[in-house]
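Engineer: There's a structure below that I have some questions on.
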Amino acid sequence: MMRTLAGVEIRARDFGGLGGIDTLVPGLPSLMPMYRGLTKALKHEGYQERRDLFGAPYDFRMAADGLEQTGYYADLKQLIEHAVEINSSRLATLVAHSQGALVALYFMAKQPSEWVRTHVGSFIAISAPWAGAVSTLKGSISGDNFDIPLVPHALLRPIQATAPSGPWLFPATDQWQDKAAVYPKVRSLVWPLPRLDIPVHCLYGTGTDTDEGYVYDVDCFSESVPPPPKAVSKGLGDGTVNLCSLKAGAGLGDNVRLKAFEGASHMGILQDRRLIGEVARLVTGGAAGRSRARTESSMTQRGLWGHLQQLARAKAS
């Protein structure tokens, strides 16, 4: 169970603005730029921060139910309603990456269908781990540094082993069939996937070797921090999320479109010009990005950049 230290406040950075989604490392923005390329492209199309371009950062350590207890979803709902209201009732487009797509899905599944229909025009999910990811198992067991240079696995393991978001992202057993799996209760928060009655675009990378299984020495589990696995089996995916999980978004409804970007990695896809162009086209109302059943006014509407990103920061009181 996570606890907040006395005298320390945990809060999302720049909720509603873009400061919390532009980079994952505020002090070193070029190390992990995150959404900077995408927001720059949308600004080039005429979008303005806090007018019709918004960010909704969250505490990535928490699973969906934990975020609900903190009031995150109430704040997100208010932000979307505000965005729709100040943009002449034009429906919002939610754009989310990785775990953020599950956060967005959980949020929409909890809202009345009429509210979703009158506030959300479409949902763009990038690199979403719909059915979990094998790599989260390594994080919980021995730590995963996400290939960040100079960051040892052991440094991140205490966080990853105790964060509720870890089990939430464990592989869904029916997607891995007869392979070994775990059955955490938190896994059922958005699995099986709820269906959405709005256009959904699942965009993801392929062609990168992705962890599919781990082999640990039995004796290593007697250590406080087990060492990395002695052997790793690889399969298809984006380097972080397995292909079967990325493609599982097809079960979200009858108006779902999947598009793969060959060679794009889980994080690198956010800087991929092909992805940036695709998202900009969809958000700005490209003909292929809108449901044919929608009215003309909603086909040309501007969208909410409702990115649900994995960024929080601690501030000493």
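Ligands are numbered from 1 in the order shown, residues from 1 within each chain, and chains are lettered A, B, ... in the order they appear in the structure tokens.
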So that I can see what lies close to Tyr216 in chain A, please list as a VMD selection string the residues with an atom at most 10 Å from it, counting only C-alpha atoms and leaving out residues fewer than 6 positions away in the same chain.
Structural biologist: chain A and resid 141 to 142 226 to 232
Engineer: Just the number, please: distance in Å from CA of Gly251 in chain A to CA of Arg90 in chain A, one decimal.
Structural biologist: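 According to the coordinates, CA of Gly251 in chain A and CA of Arg90 in chain A are separated by 26.9 Å.
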Engineer: Which residues are near range 272-275 of chain A? Cut-off 12 Å, only C-alpha atoms, ignore same chain within fewer than 5 positions. Put them as a ChimeraX atom specification.
Structural biologist: /A:33-38,40-41,97,124-127,201-205,259-267,280-282
Engineer: For the selection just defined, write its residues with N, CA and C atoms to a file, as a PDB file, in the first residue's frame.
Structural biologist:
```pdb
ATOM      1  N   PRO A  33      10.825  13.579 -24.151  1.00  0.00           N
ATOM      2  CA  PRO A  33       9.976  14.715 -24.511  1.00  0.00           C
ATOM      3  C   PRO A  33       8.482  14.421 -24.514  1.00  0.00           C
ATOM      4  N   MET A  34       8.075  13.183 -24.573  1.00  0.00           N
ATOM      5  CA  MET A  34       6.673  12.788 -24.517  1.00  0.00           C
ATOM      6  C   MET A  34       5.823  13.499 -25.581  1.00  0.00           C
ATOM      7  N   TYR A  35       4.892  14.370 -25.175  1.00  0.00           N
ATOM      8  CA  TYR A  35       3.894  14.902 -26.100  1.00  0.00           C
ATOM      9  C   TYR A  35       4.277  16.208 -26.772  1.00  0.00           C
ATOM     10  N   ARG A  36       5.487  16.632 -26.614  1.00  0.00           N
ATOM     11  CA  ARG A  36       5.877  17.933 -27.150  1.00  0.00           C
ATOM     12  C   ARG A  36       5.672  18.011 -28.661  1.00  0.00           C
ATOM     13  N   GLY A  37       6.061  16.956 -29.382  1.00  0.00           N
ATOM     14  CA  GLY A  37       5.897  16.967 -30.833  1.00  0.00           C
ATOM     15  C   GLY A  37       4.446  17.020 -31.253  1.00  0.00           C
ATOM     16  N   LEU A  38       3.596  16.293 -30.556  1.00  0.00           N
ATOM     17  CA  LEU A  38       2.174  16.270 -30.885  1.00  0.00           C
ATOM     18  C   LEU A  38       1.506  17.608 -30.590  1.00  0.00           C
ATOM     19  N   LYS A  40       2.909  20.471 -30.414  1.00  0.00           N
ATOM     20  CA  LYS A  40       3.450  21.461 -31.351  1.00  0.00           C
ATOM     21  C   LYS A  40       2.722  21.383 -32.687  1.00  0.00           C
ATOM     22  N   ALA A  41       2.454  20.160 -33.145  1.00  0.00           N
ATOM     23  CA  ALA A  41       1.748  19.983 -34.414  1.00  0.00           C
ATOM     24  C   ALA A  41       0.328  20.522 -34.334  1.00  0.00           C
ATOM     25  N   HIS A  97      -1.999   7.801 -24.161  1.00  0.00           N
ATOM     26  CA  HIS A  97      -0.884   6.904 -24.482  1.00  0.00           C
ATOM     27  C   HIS A  97      -0.691   5.879 -23.375  1.00  0.00           C
ATOM     28  N   ILE A 124      -8.680   8.379 -29.221  1.00  0.00           N
ATOM     29  CA  ILE A 124      -7.451   7.952 -29.891  1.00  0.00           C
ATOM     30  C   ILE A 124      -6.528   7.348 -28.840  1.00  0.00           C
ATOM     31  N   ALA A 125      -6.289   6.051 -28.946  1.00  0.00           N
ATOM     32  CA  ALA A 125      -5.460   5.334 -27.977  1.00  0.00           C
ATOM     33  C   ALA A 125      -4.141   4.945 -28.632  1.00  0.00           C
ATOM     34  N   ILE A 126      -3.040   5.388 -28.056  1.00  0.00           N
ATOM     35  CA  ILE A 126      -1.707   5.141 -28.607  1.00  0.00           C
ATOM     36  C   ILE A 126      -0.960   4.136 -27.723  1.00  0.00           C
ATOM     37  N   SER A 127      -0.497   3.056 -28.326  1.00  0.00           N
ATOM     38  CA  SER A 127       0.309   2.049 -27.608  1.00  0.00           C
ATOM     39  C   SER A 127      -0.385   1.536 -26.352  1.00  0.00           C
ATOM     40  N   HIS A 201      -9.775   4.853 -32.257  1.00  0.00           N
ATOM     41  CA  HIS A 201      -8.614   4.650 -33.122  1.00  0.00           C
ATOM     42  C   HIS A 201      -7.469   4.109 -32.265  1.00  0.00           C
ATOM     43  N   CYS A 202      -7.062   2.881 -32.522  1.00  0.00           N
ATOM     44  CA  CYS A 202      -5.957   2.253 -31.794  1.00  0.00           C
ATOM     45  C   CYS A 202      -4.699   2.334 -32.655  1.00  0.00           C
ATOM     46  N   LEU A 203      -3.743   3.136 -32.245  1.00  0.00           N
ATOM     47  CA  LEU A 203      -2.508   3.351 -32.993  1.00  0.00           C
ATOM     48  C   LEU A 203      -1.348   2.769 -32.191  1.00  0.00           C
ATOM     49  N   TYR A 204      -0.504   1.979 -32.828  1.00  0.00           N
ATOM     50  CA  TYR A 204       0.567   1.327 -32.085  1.00  0.00           C
ATOM     51  C   TYR A 204       1.730   0.965 -32.994  1.00  0.00           C
ATOM     52  N   GLY A 205       2.890   0.755 -32.385  1.00  0.00           N
ATOM     53  CA  GLY A 205       4.083   0.366 -33.121  1.00  0.00           C
ATOM     54  C   GLY A 205       4.241  -1.143 -33.182  1.00  0.00           C
ATOM     55  N   LYS A 259      -4.398   0.735 -36.420  1.00  0.00           N
ATOM     56  CA  LYS A 259      -3.364   1.100 -37.380  1.00  0.00           C
ATOM     57  C   LYS A 259      -1.991   0.898 -36.755  1.00  0.00           C
ATOM     58  N   ALA A 260      -1.151   0.108 -37.417  1.00  0.00           N
ATOM     59  CA  ALA A 260       0.193  -0.189 -36.920  1.00  0.00           C
ATOM     60  C   ALA A 260       1.231   0.670 -37.629  1.00  0.00           C
ATOM     61  N   PHE A 261       2.282   1.028 -36.894  1.00  0.00           N
ATOM     62  CA  PHE A 261       3.387   1.811 -37.426  1.00  0.00           C
ATOM     63  C   PHE A 261       4.657   0.978 -37.291  1.00  0.00           C
ATOM     64  N   GLU A 262       5.104   0.416 -38.385  1.00  0.00           N
ATOM     65  CA  GLU A 262       6.250  -0.479 -38.387  1.00  0.00           C
ATOM     66  C   GLU A 262       7.505   0.227 -37.878  1.00  0.00           C
ATOM     67  N   GLY A 263       8.169  -0.411 -36.923  1.00  0.00           N
ATOM     68  CA  GLY A 263       9.419   0.119 -36.402  1.00  0.00           C
ATOM     69  C   GLY A 263       9.281   1.135 -35.289  1.00  0.00           C
ATOM     70  N   ALA A 264       8.062   1.538 -34.957  1.00  0.00           N
ATOM     71  CA  ALA A 264       7.862   2.519 -33.884  1.00  0.00           C
ATOM     72  C   ALA A 264       7.833   1.810 -32.534  1.00  0.00           C
ATOM     73  N   SER A 265       8.620   2.284 -31.584  1.00  0.00           N
ATOM     74  CA  SER A 265       8.662   1.683 -30.255  1.00  0.00           C
ATOM     75  C   SER A 265       7.580   2.284 -29.364  1.00  0.00           C
ATOM     76  N   HIS A 266       7.429   1.705 -28.183  1.00  0.00           N
ATOM     77  CA  HIS A 266       6.369   2.113 -27.264  1.00  0.00           C
ATOM     78  C   HIS A 266       6.448   3.596 -26.912  1.00  0.00           C
ATOM     79  N   MET A 267       7.626   4.080 -26.584  1.00  0.00           N
ATOM     80  CA  MET A 267       7.796   5.488 -26.267  1.00  0.00           C
ATOM     81  C   MET A 267       8.146   6.310 -27.500  1.00  0.00           C
ATOM     82  N   ALA A 280      -2.855  14.360 -35.741  1.00  0.00           N
ATOM     83  CA  ALA A 280      -3.270  15.705 -36.144  1.00  0.00           C
ATOM     84  C   ALA A 280      -4.414  15.636 -37.146  1.00  0.00           C
ATOM     85  N   ARG A 281      -4.341  14.691 -38.067  1.00  0.00           N
ATOM     86  CA  ARG A 281      -5.407  14.538 -39.062  1.00  0.00           C
ATOM     87  C   ARG A 281      -6.724  14.132 -38.403  1.00  0.00           C
ATOM     88  N   LEU A 282      -6.659  13.208 -37.468  1.00  0.00           N
ATOM     89  CA  LEU A 282      -7.871  12.742 -36.801  1.00  0.00           C
ATOM     90  C   LEU A 282      -8.484  13.824 -35.919  1.00  0.00           C
TER      91      LEU A 282
END
```
Engineer: Could you go through range 10-167 of chain A and tell me which residues DSSP, when run on the backbone, assigns to alpha helix (DSSP H), listing them as a PDB file with C-alpha atoms, in the first residue's frame?
Structural biologist:
```
ATOM      1  CA  ARG A  36       5.877  17.933 -27.150  1.00  0.00           C
ATOM      2  CA  GLY A  37       5.897  16.967 -30.833  1.00  0.00           C
ATOM      3  CA  LEU A  38       2.174  16.270 -30.885  1.00  0.00           C
ATOM      4  CA  THR A  39       1.151  19.439 -29.094  1.00  0.00           C
ATOM      5  CA  LYS A  40       3.450  21.461 -31.351  1.00  0.00           C
ATOM      6  CA  ALA A  41       1.748  19.983 -34.414  1.00  0.00           C
ATOM      7  CA  LEU A  42      -1.710  20.796 -33.066  1.00  0.00           C
ATOM      8  CA  LYS A  43      -0.676  24.327 -32.199  1.00  0.00           C
ATOM      9  CA  HIS A  44       0.493  24.658 -35.794  1.00  0.00           C
ATOM     10  CA  ALA A  64      -7.954   3.192 -11.946  1.00  0.00           C
ATOM     11  CA  ASP A  65      -9.835   2.691  -8.688  1.00  0.00           C
ATOM     12  CA  GLY A  66      -7.132   4.516  -6.737  1.00  0.00           C
ATOM     13  CA  LEU A  67      -7.342   7.497  -9.073  1.00  0.00           C
ATOM     14  CA  GLU A  68     -11.081   7.543  -8.520  1.00  0.00           C
ATOM     15  CA  GLN A  69     -10.578   7.833  -4.768  1.00  0.00           C
ATOM     16  CA  TYR A  72      -9.024  12.545 -10.456  1.00  0.00           C
ATOM     17  CA  TYR A  73     -12.007  11.467 -12.531  1.00  0.00           C
ATOM     18  CA  ALA A  74     -14.219  14.190 -11.102  1.00  0.00           C
ATOM     19  CA  ASP A  75     -11.576  16.727 -12.140  1.00  0.00           C
ATOM     20  CA  LEU A  76     -11.273  15.132 -15.582  1.00  0.00           C
ATOM     21  CA  LYS A  77     -15.031  15.196 -16.106  1.00  0.00           C
ATOM     22  CA  GLN A  78     -15.159  18.848 -15.123  1.00  0.00           C
ATOM     23  CA  LEU A  79     -12.289  19.638 -17.507  1.00  0.00           C
ATOM     24  CA  ILE A  80     -14.027  17.925 -20.431  1.00  0.00           C
ATOM     25  CA  GLU A  81     -17.327  19.655 -19.698  1.00  0.00           C
ATOM     26  CA  HIS A  82     -15.511  22.997 -19.524  1.00  0.00           C
ATOM     27  CA  ALA A  83     -13.734  22.337 -22.828  1.00  0.00           C
ATOM     28  CA  VAL A  84     -16.965  21.414 -24.592  1.00  0.00           C
ATOM     29  CA  GLU A  85     -18.791  24.425 -23.158  1.00  0.00           C
ATOM     30  CA  ILE A  86     -16.222  27.038 -24.205  1.00  0.00           C
ATOM     31  CA  GLN A  99      -1.574   3.201 -19.353  1.00  0.00           C
ATOM     32  CA  GLY A 100      -3.395   6.469 -19.956  1.00  0.00           C
ATOM     33  CA  ALA A 101      -5.629   4.693 -22.474  1.00  0.00           C
ATOM     34  CA  LEU A 102      -6.824   2.350 -19.718  1.00  0.00           C
ATOM     35  CA  VAL A 103      -7.376   5.336 -17.435  1.00  0.00           C
ATOM     36  CA  ALA A 104      -9.503   6.972 -20.134  1.00  0.00           C
ATOM     37  CA  LEU A 105     -11.401   3.753 -20.836  1.00  0.00           C
ATOM     38  CA  TYR A 106     -12.213   3.243 -17.160  1.00  0.00           C
ATOM     39  CA  PHE A 107     -13.411   6.839 -16.952  1.00  0.00           C
ATOM     40  CA  MET A 108     -15.745   6.551 -19.938  1.00  0.00           C
ATOM     41  CA  ALA A 109     -17.088   3.176 -18.822  1.00  0.00           C
ATOM     42  CA  LYS A 110     -18.127   4.756 -15.515  1.00  0.00           C
ATOM     43  CA  SER A 113     -23.747   6.591 -22.043  1.00  0.00           C
ATOM     44  CA  GLU A 114     -25.677   9.799 -22.691  1.00  0.00           C
ATOM     45  CA  TRP A 115     -22.909  11.870 -21.089  1.00  0.00           C
ATOM     46  CA  VAL A 116     -20.257  10.205 -23.261  1.00  0.00           C
ATOM     47  CA  ARG A 117     -22.386  10.692 -26.373  1.00  0.00           C
ATOM     48  CA  THR A 118     -22.831  14.418 -25.695  1.00  0.00           C
ATOM     49  CA  HIS A 119     -19.247  15.159 -24.649  1.00  0.00           C
ATOM     50  CA  SER A 135       7.122  -6.583 -19.040  1.00  0.00           C
ATOM     51  CA  THR A 136       5.171  -5.418 -15.964  1.00  0.00           C
ATOM     52  CA  LEU A 137       5.937  -8.759 -14.319  1.00  0.00           C
ATOM     53  CA  LYS A 138       9.657  -8.011 -14.468  1.00  0.00           C
ATOM     54  CA  GLY A 139       9.081  -4.603 -12.915  1.00  0.00           C
ATOM     55  CA  SER A 140       7.285  -6.100  -9.935  1.00  0.00           C
ATOM     56  CA  ILE A 141       9.814  -8.916  -9.449  1.00  0.00           C
ATOM     57  CA  HIS A 153      16.808  -1.792 -11.916  1.00  0.00           C
ATOM     58  CA  ALA A 154      17.115  -1.985  -8.130  1.00  0.00           C
ATOM     59  CA  LEU A 155      16.375   1.727  -7.792  1.00  0.00           C
ATOM     60  CA  LEU A 156      12.927   1.411  -9.383  1.00  0.00           C
ATOM     61  CA  ARG A 157      11.976  -2.001  -8.037  1.00  0.00           C
ATOM     62  CA  PRO A 158      10.581  -0.779  -4.640  1.00  0.00           C
ATOM     63  CA  ILE A 159       8.213   1.557  -6.479  1.00  0.00           C
ATOM     64  CA  GLN A 160       7.177  -0.949  -9.123  1.00  0.00           C
ATOM     65  CA  ALA A 161       6.707  -3.776  -6.627  1.00  0.00           C
ATOM     66  CA  THR A 162       4.293  -1.784  -4.466  1.00  0.00           C
ATOM     67  CA  SER A 165      -0.740   0.034 -11.308  1.00  0.00           C
ATOM     68  CA  GLY A 166       1.670  -2.909 -11.652  1.00  0.00           C
ATOM     69  CA  PRO A 167      -0.864  -5.713 -11.129  1.00  0.00           C
TER      70      PRO A 167
END
```
Engineer: What's around range 237-247 of chain A at 6 Å? Count only C-alpha atoms, leave out sequence neighbours fewer than 2 positions away in its own chain, and write the answer as a ChimeraX atom specification.
Structural biologist: /A:128-131,133,205-206,208-210,249,265-266
Engineer: Emit the selected residues as a compact mmCIF listing (two decimals), in the first residue's frame, including N, CA and C atoms.
Structural biologist:
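Below you can see result.txt, which holds the result:
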```txt
# COMPACT_ATOMS: atom_id res chain seq x y z
N ALA A 128 -1.66 1.28 -26.44
CA ALA A 128 -2.44 0.89 -25.26
C ALA A 128 -2.26 -0.59 -24.90
N PRO A 129 -1.95 -0.90 -23.65
CA PRO A 129 -1.81 -2.29 -23.20
C PRO A 129 -3.16 -2.86 -22.78
N TRP A 130 -4.06 -3.01 -23.72
CA TRP A 130 -5.44 -3.41 -23.42
C TRP A 130 -5.50 -4.69 -22.59
N ALA A 131 -4.68 -5.65 -22.92
CA ALA A 131 -4.67 -6.93 -22.20
C ALA A 131 -3.44 -7.08 -21.31
N ALA A 133 0.71 -6.35 -20.15
CA ALA A 133 2.02 -6.51 -20.78
C ALA A 133 2.90 -7.39 -19.91
N GLY A 205 2.89 0.75 -32.38
CA GLY A 205 4.08 0.37 -33.12
C GLY A 205 4.24 -1.14 -33.18
N THR A 206 4.96 -1.62 -34.17
CA THR A 206 5.25 -3.05 -34.32
C THR A 206 6.69 -3.22 -34.81
N THR A 208 9.31 -4.49 -33.12
CA THR A 208 10.37 -4.38 -32.11
C THR A 208 10.30 -5.59 -31.19
N ASP A 209 11.43 -6.24 -30.95
CA ASP A 209 11.45 -7.38 -30.03
C ASP A 209 10.87 -6.98 -28.67
N THR A 210 9.96 -7.80 -28.16
CA THR A 210 9.25 -7.47 -26.93
C THR A 210 9.30 -8.65 -25.96
N GLY A 249 -7.60 -4.12 -28.62
CA GLY A 249 -8.52 -3.00 -28.67
C GLY A 249 -9.62 -3.18 -29.69
N SER A 265 8.62 2.28 -31.58
CA SER A 265 8.66 1.68 -30.26
C SER A 265 7.58 2.28 -29.36
N HIS A 266 7.43 1.70 -28.18
CA HIS A 266 6.37 2.11 -27.26
C HIS A 266 6.45 3.60 -26.91
```
Engineer: Please run DSSP on the backbone and report, as a PyMOL selection string, all residues within range 68-273 of chain A that come out as strand (DSSP E).
Structural biologist: chain A and resi 92-97+120-126+200-206+210-215+231-235+256-262
Engineer: Which distance in Å separates CA of Phe15 in chain A and CA of Val256 in chain A, to one decimal?
Structural biologist: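 Pair CA of Phe15 in chain A / CA of Val256 in chain A returns 28.8 Å.
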